[in-house]
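J.: Structure: entry.pdb, PDB, C-alpha atoms and all ligand atoms.
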ATOM      1  CA  MET G   1      43.208  21.324  55.906
ATOM      2  CA  ALA G   2      45.070  20.512  52.670
ATOM      3  CA  ASN G   3      48.784  19.998  53.170
ATOM      4  CA  GLN G   4      50.371  19.505  49.792
ATOM      5  CA  GLN G   5      53.144  22.098  49.838
ATOM      6  CA  GLN G   6      54.944  21.302  53.068
ATOM      7  CA  THR G   7      58.231  20.894  51.228
ATOM      8  CA  ALA G   8      58.308  24.377  49.572
ATOM      9  CA  ALA G   9      61.566  26.135  50.413
ATOM     10  CA  ARG G  10      59.832  29.433  51.171
ATOM     11  CA  LYS G  11      56.367  29.940  52.516
ATOM     12  CA  ALA G  12      53.914  32.799  52.693
ATOM     13  CA  LEU G  13      51.007  33.096  55.118
ATOM     14  CA  ILE G  14      48.144  35.266  53.855
ATOM     15  CA  THR G  15      45.224  36.322  56.037
ATOM     16  CA  GLY G  16      41.896  37.104  54.366
ATOM     17  CA  ALA G  17      42.864  34.788  51.500
ATOM     18  CA  SER G  18      39.289  33.647  50.795
ATOM     19  CA  SER G  19      38.531  36.717  48.644
ATOM     20  CA  GLY G  20      39.744  39.894  46.945
ATOM     21  CA  ILE G  21      43.266  41.191  47.527
ATOM     22  CA  GLY G  22      44.217  38.201  49.728
ATOM     23  CA  ALA G  23      43.218  35.715  47.018
ATOM     24  CA  ALA G  24      45.147  37.820  44.453
ATOM     25  CA  PHE G  25      48.264  37.613  46.679
ATOM     26  CA  ALA G  26      47.776  33.836  46.880
ATOM     27  CA  ARG G  27      47.536  33.429  43.081
ATOM     28  CA  ARG G  28      50.593  35.614  42.447
ATOM     29  CA  LEU G  29      52.755  34.021  45.159
ATOM     30  CA  ALA G  30      51.760  30.481  44.127
ATOM     31  CA  GLY G  31      52.986  31.403  40.632
ATOM     32  CA  GLU G  32      56.314  32.442  42.157
ATOM     33  CA  GLY G  33      56.728  29.033  43.808
ATOM     34  CA  TYR G  34      55.823  29.925  47.388
ATOM     35  CA  GLY G  35      54.226  27.293  49.586
ATOM     36  CA  LEU G  36      51.064  28.924  50.923
ATOM     37  CA  ILE G  37      49.242  28.983  54.234
ATOM     38  CA  LEU G  38      45.813  30.497  53.575
ATOM     39  CA  VAL G  39      43.829  31.961  56.493
ATOM     40  CA  ALA G  40      40.223  33.245  56.696
ATOM     41  CA  ARG G  41      36.930  32.203  58.297
ATOM     42  CA  ARG G  42      35.254  30.616  55.231
ATOM     43  CA  ALA G  43      36.903  27.193  55.034
ATOM     44  CA  GLY G  44      35.054  26.245  51.828
ATOM     45  CA  LYS G  45      36.439  29.252  49.927
ATOM     46  CA  LEU G  46      39.975  28.564  51.183
ATOM     47  CA  ASP G  47      39.782  24.913  50.169
ATOM     48  CA  ALA G  48      38.496  25.852  46.692
ATOM     49  CA  LEU G  49      41.398  28.283  46.235
ATOM     50  CA  ALA G  50      43.884  25.682  47.504
ATOM     51  CA  ARG G  51      42.550  23.224  44.894
ATOM     52  CA  GLU G  52      42.744  25.855  42.128
ATOM     53  CA  LEU G  53      46.392  26.504  43.053
ATOM     54  CA  GLY G  54      47.287  22.806  43.044
ATOM     55  CA  GLY G  55      47.623  22.584  46.823
ATOM     56  CA  ALA G  56      48.062  24.833  49.842
ATOM     57  CA  GLU G  57      47.640  24.586  53.572
ATOM     58  CA  THR G  58      44.408  26.163  54.784
ATOM     59  CA  LEU G  59      43.639  27.394  58.262
ATOM     60  CA  ALA G  60      40.059  28.449  59.014
ATOM     61  CA  ALA G  61      40.216  31.007  61.826
ATOM     62  CA  ASP G  62      38.386  34.100  63.030
ATOM     63  CA  LEU G  63      41.273  36.492  63.688
ATOM     64  CA  ALA G  64      39.046  38.803  65.726
ATOM     65  CA  SER G  65      38.685  36.004  68.314
ATOM     66  CA  GLU G  66      41.340  35.012  70.846
ATOM     67  CA  GLU G  67      41.090  31.341  69.879
ATOM     68  CA  GLY G  68      41.522  31.946  66.131
ATOM     69  CA  LEU G  69      44.306  34.463  66.586
ATOM     70  CA  ALA G  70      46.265  32.255  69.015
ATOM     71  CA  CYS G  71      46.027  29.331  66.564
ATOM     72  CA  VAL G  72      47.459  31.342  63.626
ATOM     73  CA  GLU G  73      50.072  32.993  65.853
ATOM     74  CA  ALA G  74      51.299  29.540  66.949
ATOM     75  CA  ARG G  75      51.380  28.315  63.319
ATOM     76  CA  ILE G  76      53.561  31.283  62.313
ATOM     77  CA  ALA G  77      55.936  30.849  65.243
ATOM     78  CA  ALA G  78      56.377  27.154  64.340
ATOM     79  CA  GLU G  79      57.160  27.746  60.625
ATOM     80  CA  PRO G  80      60.914  27.989  59.948
ATOM     81  CA  ALA G  81      60.400  28.536  56.180
ATOM     82  CA  LEU G  82      58.115  31.571  56.554
ATOM     83  CA  GLN G  83      59.403  34.186  54.124
ATOM     84  CA  LEU G  84      56.362  36.432  53.824
ATOM     85  CA  LEU G  85      53.425  37.341  56.060
ATOM     86  CA  VAL G  86      50.550  39.272  54.491
ATOM     87  CA  ASN G  87      48.237  40.765  57.125
ATOM     88  CA  ASN G  88      45.360  41.434  54.761
ATOM     89  CA  ALA G  89      42.131  40.363  56.528
ATOM     90  CA  GLY G  90      39.898  43.360  57.095
ATOM     91  CA  PHE G  91      36.446  44.832  56.684
ATOM     92  CA  GLY G  92      34.598  48.137  56.663
ATOM     93  CA  THR G  93      31.465  49.370  58.408
ATOM     94  CA  LYS G  94      29.008  52.182  57.672
ATOM     95  CA  GLY G  95      27.509  54.763  59.962
ATOM     96  CA  ARG G  96      28.304  57.276  62.654
ATOM     97  CA  PHE G  97      30.506  55.902  65.429
ATOM     98  CA  TRP G  98      27.974  56.562  68.200
ATOM     99  CA  GLU G  99      25.073  55.074  66.240
ATOM    100  CA  THR G 100      26.596  51.786  65.055
ATOM    101  CA  ALA G 101      26.822  48.617  67.156
ATOM    102  CA  PRO G 102      29.962  48.736  69.312
ATOM    103  CA  GLU G 103      30.684  45.049  68.561
ATOM    104  CA  GLY G 104      31.572  45.847  64.937
ATOM    105  CA  GLN G 105      33.961  48.623  65.978
ATOM    106  CA  ILE G 106      35.561  46.394  68.617
ATOM    107  CA  SER G 107      35.973  43.528  66.113
ATOM    108  CA  MET G 108      37.531  45.936  63.629
ATOM    109  CA  HIS G 109      40.129  47.041  66.170
ATOM    110  CA  ALA G 110      40.751  43.392  67.149
ATOM    111  CA  LEU G 111      41.318  42.425  63.506
ATOM    112  CA  HIS G 112      43.126  45.456  62.054
ATOM    113  CA  VAL G 113      45.179  46.290  65.153
ATOM    114  CA  MET G 114      45.601  43.329  67.538
ATOM    115  CA  ALA G 115      45.793  40.586  64.904
ATOM    116  CA  THR G 116      48.289  42.637  62.864
ATOM    117  CA  LEU G 117      50.379  43.314  65.974
ATOM    118  CA  ARG G 118      50.436  39.719  67.230
ATOM    119  CA  LEU G 119      50.980  37.992  63.876
ATOM    120  CA  THR G 120      53.728  40.462  62.949
ATOM    121  CA  ARG G 121      55.427  39.861  66.302
ATOM    122  CA  ALA G 122      55.217  36.080  65.812
ATOM    123  CA  ALA G 123      56.687  36.347  62.287
ATOM    124  CA  LEU G 124      59.436  38.903  62.891
ATOM    125  CA  ALA G 125      61.067  36.999  65.743
ATOM    126  CA  GLY G 126      61.976  34.140  63.365
ATOM    127  CA  MET G 127      62.601  36.310  60.306
ATOM    128  CA  VAL G 128      65.056  38.620  62.062
ATOM    129  CA  ALA G 129      66.889  35.637  63.569
ATOM    130  CA  ARG G 130      67.143  34.027  60.098
ATOM    131  CA  GLY G 131      68.079  37.346  58.460
ATOM    132  CA  ALA G 132      65.394  37.073  55.751
ATOM    133  CA  GLY G 133      61.717  37.781  55.159
ATOM    134  CA  GLY G 134      59.048  40.412  54.852
ATOM    135  CA  VAL G 135      55.685  41.502  56.268
ATOM    136  CA  ILE G 136      53.023  43.300  54.219
ATOM    137  CA  ASN G 137      50.258  44.993  56.193
ATOM    138  CA  VAL G 138      47.307  45.776  53.944
ATOM    139  CA  SER G 139      46.212  49.216  55.043
ATOM    140  CA  SER G 140      44.332  51.774  52.888
ATOM    141  CA  VAL G 141      44.475  55.312  51.510
ATOM    142  CA  ALA G 142      41.965  55.890  54.322
ATOM    143  CA  ALA G 143      45.002  55.798  56.656
ATOM    144  CA  PHE G 144      46.053  59.288  55.526
ATOM    145  CA  GLY G 145      42.953  61.154  56.695
ATOM    146  CA  GLN G 146      39.632  60.887  58.459
ATOM    147  CA  SER G 147      36.141  60.481  57.065
ATOM    148  CA  PRO G 148      32.743  60.844  58.771
ATOM    149  CA  GLY G 149      30.972  57.461  58.846
ATOM    150  CA  ASN G 150      34.291  55.671  58.618
ATOM    151  CA  VAL G 151      36.062  56.750  61.789
ATOM    152  CA  SER G 152      37.251  53.400  63.193
ATOM    153  CA  TYR G 153      38.331  52.229  59.743
ATOM    154  CA  CYS G 154      40.510  55.318  59.175
ATOM    155  CA  ALA G 155      41.857  55.162  62.747
ATOM    156  CA  THR G 156      42.833  51.481  62.579
ATOM    157  CA  LYS G 157      44.453  51.896  59.151
ATOM    158  CA  ALA G 158      46.377  54.969  60.410
ATOM    159  CA  TRP G 159      47.612  52.800  63.286
ATOM    160  CA  MET G 160      48.714  50.164  60.760
ATOM    161  CA  ASN G 161      50.762  52.746  58.837
ATOM    162  CA  SER G 162      52.393  54.170  61.958
ATOM    163  CA  PHE G 163      53.158  50.682  63.304
ATOM    164  CA  THR G 164      54.682  49.566  59.994
ATOM    165  CA  GLU G 165      56.748  52.734  59.512
ATOM    166  CA  GLY G 166      58.039  52.396  63.086
ATOM    167  CA  LEU G 167      59.028  48.774  62.509
ATOM    168  CA  ASP G 168      60.739  49.708  59.255
ATOM    169  CA  LEU G 169      62.903  52.243  61.106
ATOM    170  CA  GLU G 170      63.600  49.763  63.908
ATOM    171  CA  LEU G 171      64.646  47.009  61.468
ATOM    172  CA  ARG G 172      66.878  49.376  59.487
ATOM    173  CA  THR G 173      68.412  50.708  62.709
ATOM    174  CA  ALA G 174      69.194  47.133  63.759
ATOM    175  CA  GLY G 175      70.783  46.451  60.338
ATOM    176  CA  SER G 176      68.251  43.717  59.547
ATOM    177  CA  PRO G 177      67.474  42.905  55.882
ATOM    178  CA  VAL G 178      63.879  42.019  56.849
ATOM    179  CA  ARG G 179      61.440  44.459  55.215
ATOM    180  CA  VAL G 180      57.950  45.609  56.231
ATOM    181  CA  GLN G 181      55.373  47.467  54.162
ATOM    182  CA  ALA G 182      52.054  49.251  54.636
ATOM    183  CA  LEU G 183      50.130  48.710  51.392
ATOM    184  CA  CYS G 184      47.585  51.516  50.928
ATOM    185  CA  PRO G 185      45.144  50.862  48.086
ATOM    186  CA  GLY G 186      42.210  53.045  47.069
ATOM    187  CA  PHE G 187      38.949  51.588  45.720
ATOM    188  CA  THR G 188      39.729  48.049  44.563
ATOM    189  CA  VAL G 189      37.349  45.560  42.953
ATOM    190  CA  THR G 190      36.855  42.854  45.639
ATOM    191  CA  GLY G 191      34.094  41.590  47.950
ATOM    192  CA  PHE G 192      34.808  44.433  50.412
ATOM    193  CA  HIS G 193      32.036  46.891  49.469
ATOM    194  CA  GLU G 194      29.361  44.221  49.117
ATOM    195  CA  ALA G 195      30.302  42.829  52.551
ATOM    196  CA  MET G 196      29.687  46.272  54.119
ATOM    197  CA  GLU G 197      26.569  46.883  51.975
ATOM    198  CA  MET G 198      28.066  50.021  50.468
ATOM    199  CA  ASP G 199      26.426  51.583  47.416
ATOM    200  CA  VAL G 200      29.278  52.006  44.922
ATOM    201  CA  LYS G 201      27.231  53.249  41.944
ATOM    202  CA  ALA G 202      28.482  56.833  42.393
ATOM    203  CA  ILE G 203      32.155  55.811  42.197
ATOM    204  CA  PRO G 204      33.410  56.308  38.607
ATOM    205  CA  ALA G 205      34.937  53.316  36.823
ATOM    206  CA  TRP G 206      38.348  54.996  36.459
ATOM    207  CA  MET G 207      38.747  55.155  40.256
ATOM    208  CA  TRP G 208      38.737  51.364  40.615
ATOM    209  CA  LEU G 209      41.963  49.374  40.904
ATOM    210  CA  ARG G 210      42.338  45.691  40.053
ATOM    211  CA  ALA G 211      43.386  43.415  42.928
ATOM    212  CA  ASP G 212      46.181  41.813  40.872
ATOM    213  CA  ALA G 213      47.594  45.276  40.013
ATOM    214  CA  VAL G 214      47.540  46.221  43.721
ATOM    215  CA  VAL G 215      49.457  43.031  44.539
ATOM    216  CA  ALA G 216      51.982  43.663  41.751
ATOM    217  CA  ALA G 217      52.637  47.210  43.070
ATOM    218  CA  SER G 218      53.068  45.836  46.597
ATOM    219  CA  LEU G 219      55.593  43.156  45.641
ATOM    220  CA  ARG G 220      57.522  45.597  43.441
ATOM    221  CA  GLY G 221      57.662  47.983  46.400
ATOM    222  CA  LEU G 222      58.768  45.234  48.791
ATOM    223  CA  ALA G 223      61.647  44.305  46.481
ATOM    224  CA  ARG G 224      62.711  47.976  46.542
ATOM    225  CA  GLY G 225      62.338  48.219  50.333
ATOM    226  CA  GLN G 226      59.428  50.728  50.199
ATOM    227  CA  ALA G 227      57.784  50.951  53.641
ATOM    228  CA  VAL G 228      54.606  52.614  52.290
ATOM    229  CA  VAL G 229      53.101  51.740  48.905
ATOM    230  CA  VAL G 230      50.158  53.614  47.368
ATOM    231  CA  PRO G 231      49.168  51.880  44.097
ATOM    232  CA  GLY G 232      47.968  54.015  41.163
ATOM    233  CA  ALA G 233      48.864  57.554  39.993
ATOM    234  CA  PHE G 234      45.515  59.084  41.055
ATOM    235  CA  TYR G 235      45.776  57.817  44.636
ATOM    236  CA  LYS G 236      49.452  58.865  44.863
ATOM    237  CA  LEU G 237      48.316  62.394  43.928
ATOM    238  CA  ILE G 238      45.459  62.392  46.478
ATOM    239  CA  VAL G 239      47.808  61.259  49.262
ATOM    240  CA  ALA G 240      50.406  63.905  48.295
ATOM    241  CA  LEU G 241      47.724  66.638  48.366
ATOM    242  CA  GLU G 242      46.426  65.380  51.722
ATOM    243  CA  LYS G 243      49.931  65.632  53.167
ATOM    244  CA  LEU G 244      50.443  69.144  51.759
ATOM    245  CA  ALA G 245      47.097  70.686  52.712
ATOM    246  CA  PRO G 246      47.064  72.489  56.088
ATOM    247  CA  ARG G 247      44.900  70.738  58.711
ATOM    248  CA  PRO G 248      42.151  73.438  58.924
ATOM    249  CA  ILE G 249      41.643  73.261  55.145
ATOM    250  CA  ARG G 250      41.547  69.466  55.163
ATOM    251  CA  SER G 251      39.056  69.450  58.050
ATOM    252  CA  ALA G 252      36.787  72.023  56.382
ATOM    253  CA  ALA G 253      36.811  70.011  53.124
ATOM    254  CA  VAL G 254      35.964  66.769  54.955
ATOM    255  CA  VAL G 255      33.041  68.360  56.852
ATOM    256  CA  TRP G 256      31.741  69.979  53.643
ATOM    257  CA  GLY G 257      31.974  66.664  51.753
ATOM    258  CA  GLY G 258      30.488  64.700  54.674
ATOM    259  CA  ARG G 259      27.453  67.008  54.896
ATOM    260  CA  ARG G 260      26.815  66.757  51.159
ATOM    261  CA  ARG G 261      26.879  62.927  51.418
TER     262      ARG G 261
HETATM  263  N1  LIG G 301      38.645  46.794  48.346
HETATM  264  C1  LIG G 301      39.027  48.027  48.623
HETATM  265  O1  LIG G 301      38.540  49.013  48.009
HETATM  266  C2  LIG G 301      40.076  48.269  49.678
HETATM  267  C3  LIG G 301      40.696  49.536  49.713
HETATM  268  C4  LIG G 301      41.684  49.766  50.672
HETATM  269  C5  LIG G 301      42.040  48.762  51.547
HETATM  270  N2  LIG G 301      41.424  47.543  51.491
HETATM  271  C6  LIG G 301      41.840  46.533  52.470
HETATM  272  O2  LIG G 301      42.189  45.346  51.782
HETATM  273  C7  LIG G 301      42.078  44.229  52.680
HETATM  274  C8  LIG G 301      41.415  43.083  51.953
HETATM  275  O3  LIG G 301      40.075  43.428  51.647
HETATM  276  P1  LIG G 301      39.402  43.138  50.238
HETATM  277  O4  LIG G 301      39.189  44.421  49.575
HETATM  278  O5  LIG G 301      40.115  42.058  49.528
HETATM  279  O6  LIG G 301      37.957  42.668  50.745
HETATM  280  P2  LIG G 301      37.247  41.234  50.772
HETATM  281  O7  LIG G 301      37.173  40.688  49.393
HETATM  282  O8  LIG G 301      35.976  41.452  51.525
HETATM  283  O9  LIG G 301      38.246  40.351  51.622
HETATM  284  C9  LIG G 301      38.370  40.488  53.009
HETATM  285  C10 LIG G 301      39.021  39.240  53.551
HETATM  286  O10 LIG G 301      39.179  39.368  54.984
HETATM  287  C11 LIG G 301      38.708  38.167  55.598
HETATM  288  N3  LIG G 301      38.247  38.448  56.959
HETATM  289  C12 LIG G 301      37.343  39.390  57.340
HETATM  290  N4  LIG G 301      37.130  39.305  58.674
HETATM  291  C13 LIG G 301      37.929  38.309  59.135
HETATM  292  C14 LIG G 301      38.151  37.733  60.417
HETATM  293  N5  LIG G 301      37.500  38.175  61.516
HETATM  294  N6  LIG G 301      39.042  36.721  60.533
HETATM  295  C15 LIG G 301      39.697  36.252  59.436
HETATM  296  N7  LIG G 301      39.520  36.747  58.191
HETATM  297  C16 LIG G 301      38.643  37.754  58.043
HETATM  298  C17 LIG G 301      37.593  37.683  54.669
HETATM  299  O11 LIG G 301      37.427  36.289  54.752
HETATM  300  P3  LIG G 301      36.252  35.503  55.546
HETATM  301  O12 LIG G 301      34.989  36.300  55.377
HETATM  302  O13 LIG G 301      36.237  34.169  54.870
HETATM  303  O14 LIG G 301      36.751  35.431  56.943
HETATM  304  C18 LIG G 301      38.180  38.006  53.298
HETATM  305  O15 LIG G 301      39.024  36.963  52.870
HETATM  306  C19 LIG G 301      41.305  44.748  53.907
HETATM  307  O16 LIG G 301      42.203  44.914  54.980
HETATM  308  C20 LIG G 301      40.760  46.090  53.447
HETATM  309  O17 LIG G 301      40.629  46.997  54.526
HETATM  310  C21 LIG G 301      40.451  47.278  50.585
END
Could you rewrite the structure in this file as structure tokens?
T.:
Amino acid sequence: MANQQQTAARKALITGASSGIGAAFARRLAGEGYGLILVARRAGKLDALARELGGAETLAADLASEEGLACVEARIAAEPALQLLVNNAGFGTKGRFWETAPEGQISMHALHVMATLRLTRAALAGMVARGAGGVINVSSVAAFGQSPGNVSYCATKAWMNSFTEGLDLELRTAGSPVRVQALCPGFTVTGFHEAMEMDVKAIPAWMWLRADAVVAASLRGLARGQAVVVPGAFYKLIVALEKLAPRPIRSAAVVWGGRRR
């Protein structure tokens, strides 16, 4: 653990900071003067990022395990300067629900749902009492629909959106200035697709977002109090069409597309 930023006036804790969007959040927030607490399983990657940023606290933890989650939850509850929590750690799997190993699906629910719920609860208690702070839950455009071969991923991200939108309403109802956001990116260049052994050759270059652009859209949205942020014009259009299309048409299109794949 490297503890060189204990004195920073405001701190951010980022889960899944060892790669991709989480690492991009870390670089951007370090530039804005935040003291960082970086969480993921790969301690070596966290330490390398902490060195690159000139110092950060690192916490190696598996958030799909009770032990790892309890450790990070306790760290959040004990941090009076926590200004921002980014629940970003996540992963995808491939294959039909009934054919893939149940352990992967269970871990995904533990990470996307239970870890998000418990870390958000630990952070909000202090933030609401202090009257300042924010929570960003990194969801996905997958939250707005369903997709064969990706059922648990879509379901857990839909939960994340519903949970975040509910909290947003609850905080506003209570008159709290604390803000929450579901960040819903489309295809973003990170380690995500390699980790799930997904063949991305068929995805055209113009569909890919950059992780730093996703982070910039998220922080802009948080400053404006946007509870749901979809980065990029193309993905905004897709989400709008998904919301407009009647359910039977959406379902027929998904089955048609799924069979062709
Ligand atoms: N890339 C995309 O196209 C895309 C699109 C929409 C949404 N997202 C979402 O964006 C988030 C970040 O993913 P990414 O694209 O940046 O992928 P990534 O580069 O693979 O990063 C995923 C991060 O999650 C961490 N992680 C995974 N399982 C964990 C566990 N059990 N405990 C703690 N940390 C864990 C990984 O670190 P360790 O392996 O070191 O633990 C890594 O830092 C995810 O929630 C993903 O669903 C990604």
J.: Place a sphere of radius 9 Å on (39.7, 50.5, 63.8) in the file coordinates and name every protein, DNA or RNA residue with an atom inside or on its surface, counting only C-alpha atoms; give the answer as a PyMOL selection string.
T.: chain G and resi 105-113+151-159
J.: Any chance you could export the current selection's C-alpha atoms as a short mmCIF file (atom, residue, chain, number, x, y, z; two decimals), in the frame of the given file?
T.:
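Result file out.cif:
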data_model
loop_
_atom_site.label_atom_id
_atom_site.label_comp_id
_atom_site.auth_asym_id
_atom_site.auth_seq_id
_atom_site.Cartn_x
_atom_site.Cartn_y
_atom_site.Cartn_z
CA GLN G 105 33.96 48.62 65.98
CA ILE G 106 35.56 46.39 68.62
CA SER G 107 35.97 43.53 66.11
CA MET G 108 37.53 45.94 63.63
CA HIS G 109 40.13 47.04 66.17
CA ALA G 110 40.75 43.39 67.15
CA LEU G 111 41.32 42.42 63.51
CA HIS G 112 43.13 45.46 62.05
CA VAL G 113 45.18 46.29 65.15
CA VAL G 151 36.06 56.75 61.79
CA SER G 152 37.25 53.40 63.19
CA TYR G 153 38.33 52.23 59.74
CA CYS G 154 40.51 55.32 59.18
CA ALA G 155 41.86 55.16 62.75
CA THR G 156 42.83 51.48 62.58
CA LYS G 157 44.45 51.90 59.15
CA ALA G 158 46.38 54.97 60.41
CA TRP G 159 47.61 52.80 63.29
#
J.: Just give me the gap between atom CA of Ala78 of chain G and atom CA of Ala122 of chain G in Å, one decimal is fine.
T.: 9.1 Å
J.: Any residue with an atom at most 8 Å from ligand LIG 301 (chain G) counts, using all atoms listed in the file. Which are they? Put them as number ranges by chain.
T.: G: 15-23, 39-43, 45-46, 60-65, 68, 87-92, 107, 111-112, 138-142, 153, 157, 184-195, 208-209, 211
J.: On this structure, the PyMOL selection byres (((chain G and resi 238) around 12) and not hetatm) would catch which residues? List them as a PyMOL selection string, sorted by chain and number.
T.: chain G and resi 141-142+144-145+184-186+207+230-237+239-245+250
J.: For the residues in the current selection, export C-alpha atoms as a CSV table (one decimal), keeping the file's coordinate frame.
T.:
chain,number,residue,atom,x,y,z
G,141,VAL,CA,44.5,55.3,51.5
G,142,ALA,CA,42.0,55.9,54.3
G,144,PHE,CA,46.1,59.3,55.5
G,145,GLY,CA,43.0,61.2,56.7
G,184,CYS,CA,47.6,51.5,50.9
G,185,PRO,CA,45.1,50.9,48.1
G,186,GLY,CA,42.2,53.0,47.1
G,207,MET,CA,38.7,55.2,40.3
G,230,VAL,CA,50.2,53.6,47.4
G,231,PRO,CA,49.2,51.9,44.1
G,232,GLY,CA,48.0,54.0,41.2
G,233,ALA,CA,48.9,57.6,40.0
G,234,PHE,CA,45.5,59.1,41.1
G,235,TYR,CA,45.8,57.8,44.6
G,236,LYS,CA,49.5,58.9,44.9
G,237,LEU,CA,48.3,62.4,43.9
G,239,VAL,CA,47.8,61.3,49.3
G,240,ALA,CA,50.4,63.9,48.3
G,241,LEU,CA,47.7,66.6,48.4
G,242,GLU,CA,46.4,65.4,51.7
G,243,LYS,CA,49.9,65.6,53.2
G,244,LEU,CA,50.4,69.1,51.8
G,245,ALA,CA,47.1,70.7,52.7
G,250,ARG,CA,41.5,69.5,55.2
J.: Need to verify the contact set: Ala129 of chain G, 10 Å, only C-alpha atoms, exclusion of same-chain residues closer than 4 positions in sequence. Can you return it as a list in words?
T.: Leu124, Ala125, Ser176 and Val178 of chain G
